[in-house]
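For reference, work_4.csv is printed below; it contains CSV, C-alpha atoms.
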chain,number,residue,atom,x,y,z
S,371,MET,CA,189.4,57.1,7.8
S,372,GLN,CA,186.6,59.4,7.0
S,373,SER,CA,184.1,57.1,8.6
S,374,GLN,CA,186.1,56.9,11.8
S,375,THR,CA,186.4,60.6,12.0
S,376,GLU,CA,182.6,60.9,11.6
S,377,ASN,CA,182.1,58.5,14.4
S,378,GLN,CA,184.4,60.4,16.7
S,379,ILE,CA,182.6,63.6,15.9
S,380,PHE,CA,179.3,62.0,16.5
S,381,ALA,CA,180.5,60.6,19.8
S,382,ALA,CA,181.9,64.0,20.8
S,383,GLU,CA,178.6,65.6,20.0
S,384,ALA,CA,176.7,63.0,21.9
S,385,GLN,CA,179.0,63.5,24.9
S,386,SER,CA,178.6,67.2,24.7
S,387,ALA,CA,174.8,66.8,24.6
S,388,ASP,CA,174.8,64.5,27.6
S,389,SER,CA,177.0,67.0,29.5
S,390,LEU,CA,174.7,69.8,28.7
S,391,ALA,CA,171.7,67.8,29.8
S,392,THR,CA,173.5,66.9,32.9
S,393,LYS,CA,174.1,70.6,33.7
S,394,ARG,CA,170.5,71.5,33.1
S,395,ARG,CA,169.0,68.8,35.5
S,396,PRO,CA,169.5,69.5,39.3
S,397,PRO,CA,170.7,66.7,41.4
S,398,ARG,CA,168.1,64.6,43.5
S,399,GLY,CA,169.8,65.3,46.8
S,400,TRP,CA,169.0,68.9,46.7
S,401,LEU,CA,165.4,68.2,46.0
S,402,ILE,CA,165.2,65.8,49.0
S,403,ALA,CA,167.0,68.3,51.3
S,404,GLY,CA,164.7,71.1,50.2
S,405,ALA,CA,161.6,68.9,50.9
S,406,ILE,CA,162.9,68.0,54.3
S,407,PHE,CA,163.6,71.7,55.0
S,408,LEU,CA,160.1,72.7,54.0
S,409,VAL,CA,158.6,70.0,56.3
S,410,PHE,CA,160.6,71.1,59.3
S,411,ALA,CA,159.8,74.7,58.6
S,412,GLY,CA,156.1,73.9,58.4
S,413,VAL,CA,156.2,71.9,61.6
S,414,LEU,CA,158.1,74.8,63.3
S,415,ILE,CA,155.7,77.4,62.1
S,416,PHE,CA,152.7,75.2,63.1
S,417,GLY,CA,154.1,74.8,66.6
S,418,ILE,CA,154.7,78.5,67.0
S,419,LEU,CA,151.2,79.3,65.8
S,420,GLU,CA,149.8,76.6,68.1
S,421,ARG,CA,151.6,78.1,71.1
S,422,VAL,CA,150.5,81.6,70.2
S,423,HIS,CA,146.9,80.4,69.9
S,424,THR,CA,147.1,78.4,73.2
S,425,SER,CA,148.7,81.4,75.0
S,426,ALA,CA,145.9,83.7,73.7
S,427,ALA,CA,143.2,81.2,74.7
S,428,LEU,CA,144.8,80.9,78.2
S,429,ARG,CA,144.9,84.6,78.6
S,430,GLY,CA,141.2,84.8,77.6
S,431,GLU,CA,140.3,82.1,80.0
S,432,THR,CA,142.2,83.7,82.8
S,433,ALA,CA,140.5,87.0,82.1
S,434,ASP,CA,137.1,85.2,82.1
S,435,LEU,CA,137.9,83.4,85.4
S,436,ALA,CA,139.0,86.8,86.9
S,437,VAL,CA,135.4,88.0,86.4
S,438,PRO,CA,133.2,86.3,89.1
S,439,THR,CA,130.0,84.6,88.0
S,440,VAL,CA,127.1,85.5,90.3
S,441,ALA,CA,123.5,84.4,90.7
S,442,VAL,CA,120.9,87.2,91.0
S,443,VAL,CA,117.4,87.5,92.3
S,444,ALA,CA,114.7,90.1,91.6
S,445,PRO,CA,113.1,91.8,94.6
S,446,GLN,CA,109.6,90.6,95.2
S,447,LYS,CA,107.1,93.3,96.1
S,448,ALA,CA,105.6,92.8,99.5
S,449,ALA,CA,101.9,92.1,99.9
S,450,PRO,CA,99.7,95.2,100.6
S,451,SER,CA,98.8,93.6,104.0
S,452,GLN,CA,100.7,91.2,106.1
S,453,GLU,CA,99.7,89.0,109.0
S,454,ILE,CA,101.6,89.2,112.3
S,455,VAL,CA,101.1,86.7,115.1
S,456,LEU,CA,101.8,87.8,118.6
S,457,PRO,CA,101.2,86.3,122.1
S,458,GLY,CA,98.3,87.7,124.1
S,459,ASN,CA,97.2,87.6,127.7
S,460,VAL,CA,93.5,87.1,128.3
S,461,GLN,CA,92.0,89.0,131.2
S,462,PRO,CA,88.4,89.7,132.3
S,463,PHE,CA,86.9,93.0,131.4
S,464,ILE,CA,86.4,93.8,135.1
S,465,GLN,CA,88.2,92.1,138.0
S,466,SER,CA,88.5,93.1,141.6
S,467,PRO,CA,89.8,91.7,144.9
S,468,ILE,CA,87.3,92.0,147.7
S,469,PHE,CA,88.9,93.3,151.0
S,470,ALA,CA,87.2,93.8,154.3
S,471,ARG,CA,86.7,97.4,155.6
S,472,THR,CA,86.3,96.4,159.3
S,473,ASN,CA,88.2,94.2,161.7
S,474,GLY,CA,86.8,91.0,163.1
S,475,TYR,CA,86.4,87.2,162.5
S,476,LEU,CA,84.8,85.7,159.5
S,477,GLU,CA,81.4,84.3,160.6
S,478,HIS,CA,80.2,82.8,157.4
S,479,TRP,CA,80.8,82.8,153.6
S,480,TYR,CA,78.1,81.9,151.0
S,481,PHE,CA,79.9,81.4,147.7
S,482,ASP,CA,83.0,79.4,146.6
S,483,ILE,CA,85.2,79.5,143.5
S,484,GLY,CA,83.3,79.2,140.2
S,485,ALA,CA,80.1,80.6,141.6
S,486,HIS,CA,78.2,83.1,139.4
S,487,VAL,CA,77.0,86.0,141.5
S,488,LYS,CA,74.8,89.0,140.9
S,489,LYS,CA,75.6,92.6,141.9
S,490,GLY,CA,74.5,93.1,145.6
S,491,GLN,CA,74.5,89.5,146.6
S,492,LEU,CA,75.8,88.7,150.1
S,493,LEU,CA,79.2,87.0,149.9
S,494,ALA,CA,80.2,86.8,153.6
S,495,VAL,CA,79.6,88.1,157.1
S,496,ILE,CA,82.2,89.3,159.5
S,497,ALA,CA,81.6,89.3,163.3
S,498,SER,CA,82.9,92.6,164.8
S,499,PRO,CA,81.6,92.8,168.4
S,500,GLU,CA,83.9,95.7,169.2
S,501,VAL,CA,82.4,97.8,166.4
S,502,ASP,CA,78.9,96.9,167.5
S,503,GLN,CA,79.7,98.1,171.0
S,504,GLN,CA,81.2,101.3,169.7
S,505,LEU,CA,78.1,101.9,167.7
S,506,GLU,CA,75.9,101.5,170.8
S,507,GLN,CA,78.2,103.8,172.8
S,508,ALA,CA,78.0,106.4,170.0
S,509,ARG,CA,74.2,106.2,170.0
S,510,SER,CA,74.1,106.7,173.8
S,511,ASN,CA,76.4,109.7,173.5
S,512,LEU,CA,74.1,111.1,170.9
S,513,LEU,CA,71.0,110.6,173.1
S,514,THR,CA,72.8,112.4,175.9
S,515,ALA,CA,73.8,115.2,173.6
S,516,GLN,CA,70.3,115.5,172.3
S,517,ALA,CA,68.9,115.8,175.9
S,518,ASN,CA,71.4,118.5,176.7
S,519,LEU,CA,70.5,120.3,173.5
S,520,GLU,CA,66.8,120.1,174.4
S,521,LEU,CA,67.5,121.6,177.8
S,522,ALA,CA,69.7,124.3,176.4
S,523,THR,CA,67.0,125.1,173.9
S,524,ILE,CA,64.4,125.6,176.6
S,525,THR,CA,66.8,127.7,178.7
S,526,ARG,CA,67.7,129.9,175.7
S,527,ASP,CA,64.0,130.5,174.9
S,528,ARG,CA,63.1,131.2,178.6
S,529,TYR,CA,66.0,133.7,179.0
S,530,GLN,CA,65.1,135.5,175.8
S,531,GLY,CA,61.5,135.9,177.0
S,532,LEU,CA,62.6,137.2,180.4
S,533,LYS,CA,65.0,139.7,178.8
S,534,LYS,CA,62.0,141.4,177.2
S,535,THR,CA,60.8,142.4,180.7
S,536,ASN,CA,64.4,143.0,181.9
S,537,ALA,CA,64.0,140.2,184.4
S,538,VAL,CA,67.5,138.9,183.5
S,539,SER,CA,70.6,140.5,182.3
S,540,GLN,CA,71.9,140.4,178.8
S,541,GLN,CA,74.9,138.3,180.1
S,542,ASP,CA,72.5,135.6,181.2
S,543,VAL,CA,70.8,135.5,177.8
S,544,ASP,CA,74.2,135.3,176.0
S,545,ASN,CA,75.3,132.4,178.3
S,546,ALA,CA,72.1,130.5,177.5
S,547,VAL,CA,72.5,131.1,173.8
S,548,GLY,CA,76.2,130.0,173.9
S,549,THR,CA,75.2,126.8,175.8
S,550,TYR,CA,72.6,126.0,173.2
S,551,ASN,CA,75.1,126.5,170.3
S,552,ALA,CA,77.7,124.3,172.1
S,553,ASN,CA,75.2,121.5,172.7
S,554,LYS,CA,74.0,121.7,169.1
S,555,ALA,CA,77.5,121.2,167.9
S,556,ILE,CA,78.0,118.2,170.2
S,557,VAL,CA,74.8,116.6,168.8
S,558,GLU,CA,76.0,117.1,165.3
S,559,ALA,CA,79.4,115.5,166.2
S,560,ASP,CA,77.7,112.6,167.9
S,561,GLN,CA,75.4,112.1,164.9
S,562,ALA,CA,78.5,111.9,162.7
S,563,GLY,CA,80.0,109.3,165.1
S,564,VAL,CA,76.9,107.2,165.0
S,565,GLN,CA,76.9,107.4,161.2
S,566,GLN,CA,80.6,106.4,161.1
S,567,TYR,CA,80.1,103.3,163.3
S,568,SER,CA,76.9,102.4,161.5
S,569,THR,CA,79.0,102.4,158.3
S,570,LEU,CA,81.6,100.2,159.9
S,571,VAL,CA,78.9,97.8,161.0
S,572,SER,CA,77.5,97.7,157.5
S,573,PHE,CA,81.0,96.6,156.3
S,574,GLU,CA,80.5,93.4,158.4
S,575,LYS,CA,78.5,92.2,155.4
S,576,ILE,CA,80.5,91.7,152.1
S,577,TYR,CA,78.4,92.2,148.9
S,578,ALA,CA,79.3,91.5,145.3
S,579,PRO,CA,80.2,94.8,143.6
S,580,PHE,CA,79.1,93.6,140.1
S,581,ASP,CA,77.9,90.5,138.2
S,582,GLY,CA,80.7,88.0,137.9
S,583,VAL,CA,82.4,84.8,138.8
S,584,ILE,CA,84.2,84.1,142.1
S,585,THR,CA,87.7,83.1,141.0
S,586,ALA,CA,89.3,82.9,144.4
S,587,ARG,CA,88.3,82.5,148.0
S,588,ASN,CA,91.2,83.3,150.4
S,589,THR,CA,89.4,83.0,153.8
S,590,ASP,CA,87.4,80.6,155.8
S,591,ILE,CA,85.1,80.6,158.9
S,592,GLY,CA,87.0,81.8,162.0
S,593,ASP,CA,89.8,83.6,160.1
S,594,LEU,CA,90.9,86.9,161.6
S,595,ILE,CA,90.0,89.7,159.2
S,596,ASN,CA,92.1,92.9,159.1
S,597,SER,CA,90.5,96.0,157.5
S,598,GLY,CA,91.9,97.4,154.3
S,599,SER,CA,92.4,100.7,156.0
S,600,ASN,CA,95.1,99.7,158.5
S,601,SER,CA,98.7,98.8,158.1
S,602,ASN,CA,98.4,95.1,159.2
S,603,PRO,CA,99.0,92.4,156.6
S,604,ARG,CA,95.8,91.7,154.8
S,605,THR,CA,94.6,89.4,152.1
S,606,ASP,CA,91.6,89.8,149.8
S,607,LEU,CA,88.7,87.7,150.9
S,608,PHE,CA,87.4,86.9,147.4
S,609,HIS,CA,88.4,87.6,143.9
S,610,ILE,CA,85.7,88.3,141.5
S,611,ALA,CA,85.9,88.7,137.7
S,612,GLN,CA,83.4,89.6,134.9
S,613,PRO,CA,84.1,87.3,131.9
S,614,GLY,CA,81.3,88.4,129.6
S,615,VAL,CA,83.8,90.5,127.7
S,616,LEU,CA,87.5,89.7,127.8
S,617,ARG,CA,90.4,92.1,127.4
S,618,VAL,CA,93.4,90.6,125.5
S,619,TYR,CA,96.6,92.6,126.1
S,620,VAL,CA,99.2,92.3,123.4
S,621,ASN,CA,102.7,93.9,123.2
S,622,VAL,CA,103.3,94.9,119.6
S,623,PRO,CA,106.8,95.5,118.4
S,624,GLU,CA,107.7,99.1,117.6
S,625,GLU,CA,108.0,98.5,113.9
S,626,PHE,CA,104.3,97.7,113.7
S,627,SER,CA,103.1,100.4,116.2
S,628,GLN,CA,101.9,102.8,113.4
S,629,GLN,CA,99.9,100.1,111.7
S,630,THR,CA,98.1,98.8,114.7
S,631,THR,CA,95.3,101.3,115.3
S,632,PRO,CA,91.9,101.1,117.0
S,633,GLY,CA,89.3,99.4,114.9
S,634,LEU,CA,91.7,96.7,113.5
S,635,THR,CA,90.2,93.2,113.5
S,636,ALA,CA,92.1,90.5,115.4
S,637,ASP,CA,91.7,86.7,115.3
S,638,LEU,CA,92.4,84.7,118.4
S,639,THR,CA,93.5,81.0,118.5
S,640,LEU,CA,94.0,79.0,121.6
S,641,ALA,CA,95.6,75.6,122.2
S,642,GLU,CA,92.5,74.3,124.0
S,643,PHE,CA,90.3,75.1,121.0
S,644,PRO,CA,92.1,73.6,118.0
S,645,GLY,CA,90.6,74.7,114.7
S,646,ARG,CA,88.5,77.5,116.2
S,647,VAL,CA,89.0,81.2,115.7
S,648,PHE,CA,87.6,83.9,118.0
S,649,THR,CA,87.2,87.3,116.6
S,650,GLY,CA,88.0,90.5,118.5
S,651,LYS,CA,88.6,94.2,117.8
S,652,LEU,CA,91.5,96.4,118.8
S,653,VAL,CA,89.8,99.1,121.0
S,654,ARG,CA,92.7,101.1,122.4
S,655,THR,CA,96.5,101.4,122.6
S,656,ALA,CA,98.8,102.8,125.3
S,657,GLU,CA,100.0,105.5,122.8
S,658,ALA,CA,103.5,105.1,124.2
S,659,ILE,CA,106.4,102.8,123.6
S,660,ASN,CA,107.6,100.9,126.6
S,661,TYR,CA,111.2,101.8,127.4
S,662,THR,CA,112.2,98.3,128.5
S,663,THR,CA,110.6,96.1,125.8
S,664,ARG,CA,110.3,98.7,123.0
S,665,THR,CA,106.7,97.5,122.4
S,666,LEU,CA,103.3,99.2,122.2
S,667,LEU,CA,100.7,97.8,124.6
S,668,ILE,CA,97.3,97.3,123.0
S,669,GLU,CA,93.9,96.0,124.1
S,670,VAL,CA,91.7,93.7,122.1
S,671,ASP,CA,88.1,93.1,123.3
S,672,VAL,CA,86.5,89.8,122.7
S,673,ASP,CA,82.9,88.9,123.4
S,674,ASN,CA,82.5,85.8,125.6
S,675,PRO,CA,78.8,85.4,126.3
S,676,SER,CA,79.0,81.7,127.0
S,677,GLY,CA,82.1,82.0,129.2
S,678,GLN,CA,84.1,79.4,127.1
S,679,LEU,CA,87.2,81.5,127.1
S,680,LEU,CA,88.8,81.6,130.5
S,681,SER,CA,90.6,84.6,132.0
S,682,GLY,CA,94.3,84.2,132.4
S,683,ALA,CA,94.6,82.1,129.2
S,684,TYR,CA,97.4,82.4,126.6
S,685,ALA,CA,96.3,83.2,123.1
S,686,GLU,CA,97.9,83.8,119.7
S,687,VAL,CA,96.6,87.0,118.3
S,688,HIS,CA,96.6,87.3,114.5
S,689,PHE,CA,96.6,90.8,113.0
S,690,LYS,CA,96.4,91.8,109.3
S,691,VAL,CA,98.3,95.1,109.2
S,692,PRO,CA,98.8,97.2,106.1
S,693,GLY,CA,102.3,96.8,104.6
S,694,GLN,CA,104.7,99.4,103.5
S,695,VAL,CA,103.9,100.8,100.1
S,696,SER,CA,107.4,100.5,98.7
S,697,SER,CA,108.7,97.5,100.5
S,698,TYR,CA,110.2,94.4,98.9
S,699,ILE,CA,111.2,90.9,100.0
S,700,LEU,CA,114.7,89.5,99.5
S,701,PRO,CA,116.5,86.4,100.7
S,702,VAL,CA,118.6,87.0,103.8
S,703,ASP,CA,121.7,85.8,102.0
S,704,THR,CA,121.7,88.9,99.8
S,705,LEU,CA,122.6,91.2,102.6
S,706,LEU,CA,126.1,92.6,103.2
S,707,PHE,CA,126.9,93.9,106.6
S,708,ARG,CA,129.4,96.7,106.3
S,709,LYS,CA,130.7,99.3,108.8
S,710,GLU,CA,128.9,101.9,106.7
S,711,GLY,CA,125.6,100.0,107.3
S,712,LEU,CA,123.5,97.4,105.6
S,713,ARG,CA,124.0,97.0,101.9
S,714,VAL,CA,123.0,94.8,99.0
S,715,ALA,CA,125.0,94.3,95.8
S,716,ILE,CA,123.2,94.7,92.4
S,717,VAL,CA,124.4,94.2,88.9
S,718,LYS,CA,124.2,97.2,86.6
S,719,ASP,CA,125.8,97.3,83.1
S,720,GLY,CA,128.0,94.3,83.9
S,721,LYS,CA,129.4,95.8,87.1
S,722,ALA,CA,128.6,95.4,90.8
S,723,GLN,CA,127.1,98.3,92.7
S,724,LEU,CA,126.5,98.4,96.5
S,725,VAL,CA,123.2,100.0,97.5
S,726,PRO,CA,122.3,101.0,101.1
S,727,VAL,CA,119.0,99.5,102.3
S,728,THR,CA,116.7,99.8,105.3
S,729,PRO,CA,115.5,96.4,106.7
S,730,GLY,CA,112.0,95.8,107.9
S,731,ARG,CA,110.4,92.6,109.2
S,732,ASP,CA,112.8,89.6,109.4
S,733,SER,CA,111.0,86.3,108.5
S,734,GLY,CA,113.9,84.0,108.9
S,735,ASN,CA,114.8,83.0,105.3
S,736,THR,CA,113.6,86.3,103.9
S,737,ILE,CA,113.7,89.9,105.0
S,738,GLU,CA,111.6,93.0,104.2
S,739,ILE,CA,113.4,95.9,102.6
S,740,ILE,CA,111.4,99.1,103.3
S,741,SER,CA,113.7,101.6,101.5
S,742,GLY,CA,116.6,101.6,99.1
S,743,LEU,CA,115.2,99.5,96.2
S,744,LYS,CA,113.0,100.3,93.2
S,745,GLY,CA,112.1,96.7,92.3
S,746,ASN,CA,113.8,96.4,89.0
S,747,GLU,CA,117.3,95.6,90.3
S,748,ALA,CA,119.2,92.3,89.8
S,749,VAL,CA,120.4,91.6,93.4
S,750,ILE,CA,123.4,89.3,93.8
S,751,VAL,CA,122.8,86.3,96.0
S,752,SER,CA,125.5,85.4,98.5
S,753,PRO,CA,127.9,88.1,97.3
S,754,PRO,CA,131.5,87.8,98.4
S,755,ASP,CA,132.6,89.9,101.3
S,756,SER,CA,135.3,91.5,99.1
S,757,ILE,CA,133.0,92.8,96.4
S,758,VAL,CA,133.2,96.5,95.8
S,759,THR,CA,131.3,99.0,93.6
S,760,GLY,CA,132.5,99.0,90.0
S,761,GLU,CA,133.8,95.4,90.1
S,762,ALA,CA,133.1,93.5,86.9
S,763,VAL,CA,130.7,90.5,87.3
S,764,LYS,CA,129.0,88.0,85.1
S,765,ILE,CA,125.4,86.8,85.7
S,766,ALA,CA,125.1,83.0,85.8
S,767,THR,CA,123.0,81.7,82.9
S,768,ALA,CA,121.7,78.7,84.7
S,769,SER,CA,118.9,79.4,87.2
S,770,PRO,CA,119.5,78.1,90.7
S,771,ALA,CA,116.8,75.8,91.9
S,772,ALA,CA,115.7,77.6,95.1
S,773,GLY,CA,114.9,80.9,96.4
S,774,GLY,CA,113.5,82.4,93.2
S,775,LYS,CA,117.0,83.1,92.0
S,776,GLN,CA,117.7,83.9,88.4
Can you dump the structure from the file as C-alpha cells?
Amino acid sequence: MQSQTENQIFAAEAQSADSLATKRRPPRGWLIAGAIFLVFAGVLIFGILERVHTSAALRGETADLAVPTVAVVAPQKAAPSQEIVLPGNVQPFIQSPIFARTNGYLEHWYFDIGAHVKKGQLLAVIASPEVDQQLEQARSNLLTAQANLELATITRDRYQGLKKTNAVSQQDVDNAVGTYNANKAIVEADQAGVQQYSTLVSFEKIYAPFDGVITARNTDIGDLINSGSNSNPRTDLFHIAQPGVLRVYVNVPEEFSQQTTPGLTADLTLAEFPGRVFTGKLVRTAEAINYTTRTLLIEVDVDNPSGQLLSGAYAEVHFKVPGQVSSYILPVDTLLFRKEGLRVAIVKDGKAQLVPVTPGRDSGNTIEIISGLKGNEAVIVSPPDSIVTGEAVKIATASPAAGGKQ
C-alpha cells in the first residue's frame, strides 16, 4: 500500500516535471514561422534598398546625360608672316600703239610682228600726194610774200629818205611803213604754213618711238590711212612693246591692303615654266580701294633681260605679308553665326561662354581670328546651335583624331 502510494507520488512528480518542461520549451511551429517572416522581411528590405539605389543611379545618370559632352580645341597662334597667292597680269613696261598723223596710202612697211627695233628706226612710209602739193603751194605763197615784203622794204626806206627833204608827205611815208608791216606779217604766216605742211610731210614716215618689239601689224601696202587727228575710224598701224622690264598688275583684297607696301618681294610662277620662280618687287600701289572689286591695284616690276617672259601672260604672284600680331587659327566648325554677330563657344569653369570674334583670312578648313581671343581658351568644336552662355558642359576625355582637337 505504501509502495503503491510512493509510485503514484513519483508518477505525479514526473508528470508535473514533464508539464513544466513542456511549458518552458516553445513549440517548433513558431520558430519556423519566425524564420520565414525574417526571410521575407529581408527580401522586402533588400528589394526596397535595390530600388532606391537604382532610382538614385538613374537620377545621377540622367543628370550626367543632361550635361552635354563637348570636344575642345586650343587656338593656334598665326605665323608672323603668311603667304598669299594672287593672279597677276603681265604687261610690258612701255607699250604704245603707233597711229598715223597724216592721210594717205601705205606705201611700204619694213618690220613685221616679233621684230626687235631700235628707237628712230623707220617702220613704214605713207604716200600723201595731197600733202606734198599743199607743201609746194605753201612754199610758193611764201616766196610771193617774201618778194612783196622785199618791195615794201625798199619802198619804205625810199619814202623815209625823201621825207627828210620834204619831197613826200608824211601820209605817203605812213602808207609805205604800213605796207611793209602787212607784208612782213604775211611772210610770217606763210612761213608757219610751210612749217605745218613740212611737219605733215614728215609724218609720212613712221619711226619707232623707243626700243622694243613689234607685237602687232594692222596694216598692209595700199591700205587707206586716216590720221589720228580726224574723226574717221582709225586703227593703229603697229603695236610696239618694251619687254626688258615687265609690269605685273595684281588686285589685292582689301584685308591685305595695309600689309602690301612698296618694297615687298614677290615671286612669280607661270604654267609654261614649271618649277621656276621669277623674283620681282612691289614698286607702287594705287593707294585707293576699287569700289567695284574692293581690291587694291598694285604693280610688281620684274626684270626680263632675255625676253623669256611674254607680255600678256598669266602669272601666280606669291607674297609673304606680315600677319596680325594677335591673330589665331581655328577650325571653321568652331564658329557660331548668331544675329548678334560671329561667336565662338569656350569652356570656362565647366560652363559654356559665348565670345564675339572678328574673322580674318578664310583658308577653307581653318579661319583666322584677328580679335576676340587671348590664346588660352578651350574652344568648343561643332557647338550645338542651342548653346547659351552659362550652360553646363563637360569636356570629352578622349582626344578626337583630327583637327588638333583635345
Could you pull the residues within 10 Å of Leu519 of chain S, counting only C-alpha atoms, minus those fewer than 5 positions along the same chain, as a ChimeraX atom specification? /S:513-514,524-525,549-557
The distance between atom CA of Tyr661 of chain S and atom CA of Lys690 of chain S is 25.4 Å
Check your understanding: Which residue out of S:Val583, S:Ala559, S:Val455, S:Leu706 has the minimum interatomic distance to Ser681 of chain S when all atoms listed in the file are used?
Key ->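 Counting all atoms listed in the file, the residue closest to Ser681 of chain S is S:Val583.
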request  = Can you pull out every residue within 9 Å of segment 753-770 of chain S, counting all atoms listed in the file, but drop anything in the same chain fewer than 3 positions away, and send it as a list in words?
outcome  =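 The neighbour list is Ala436, Val437, Pro438, Thr439, Val440, Ala441, Val442, Asp703, Thr704, Leu705, Leu706, Phe707, Val714, Ala715, Val717, Gly720, Lys721, Ala722, Gln723, Leu724, Ile750, Gly773, Gly774, Lys775 and Gln776 of chain S.
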Quick one: residues within 12 Å of segment 590-595 of chain S, all atoms listed in the file, excluding same-chain residues fewer than 2 positions away - as JSON, numbers by chain?
{"S": [469, 470, 471, 472, 473, 474, 475, 476, 477, 478, 479, 480, 481, 482, 493, 494, 495, 496, 497, 498, 573, 574, 586, 587, 588, 597, 598, 599, 600, 602, 603, 604, 605, 606, 607, 608]}
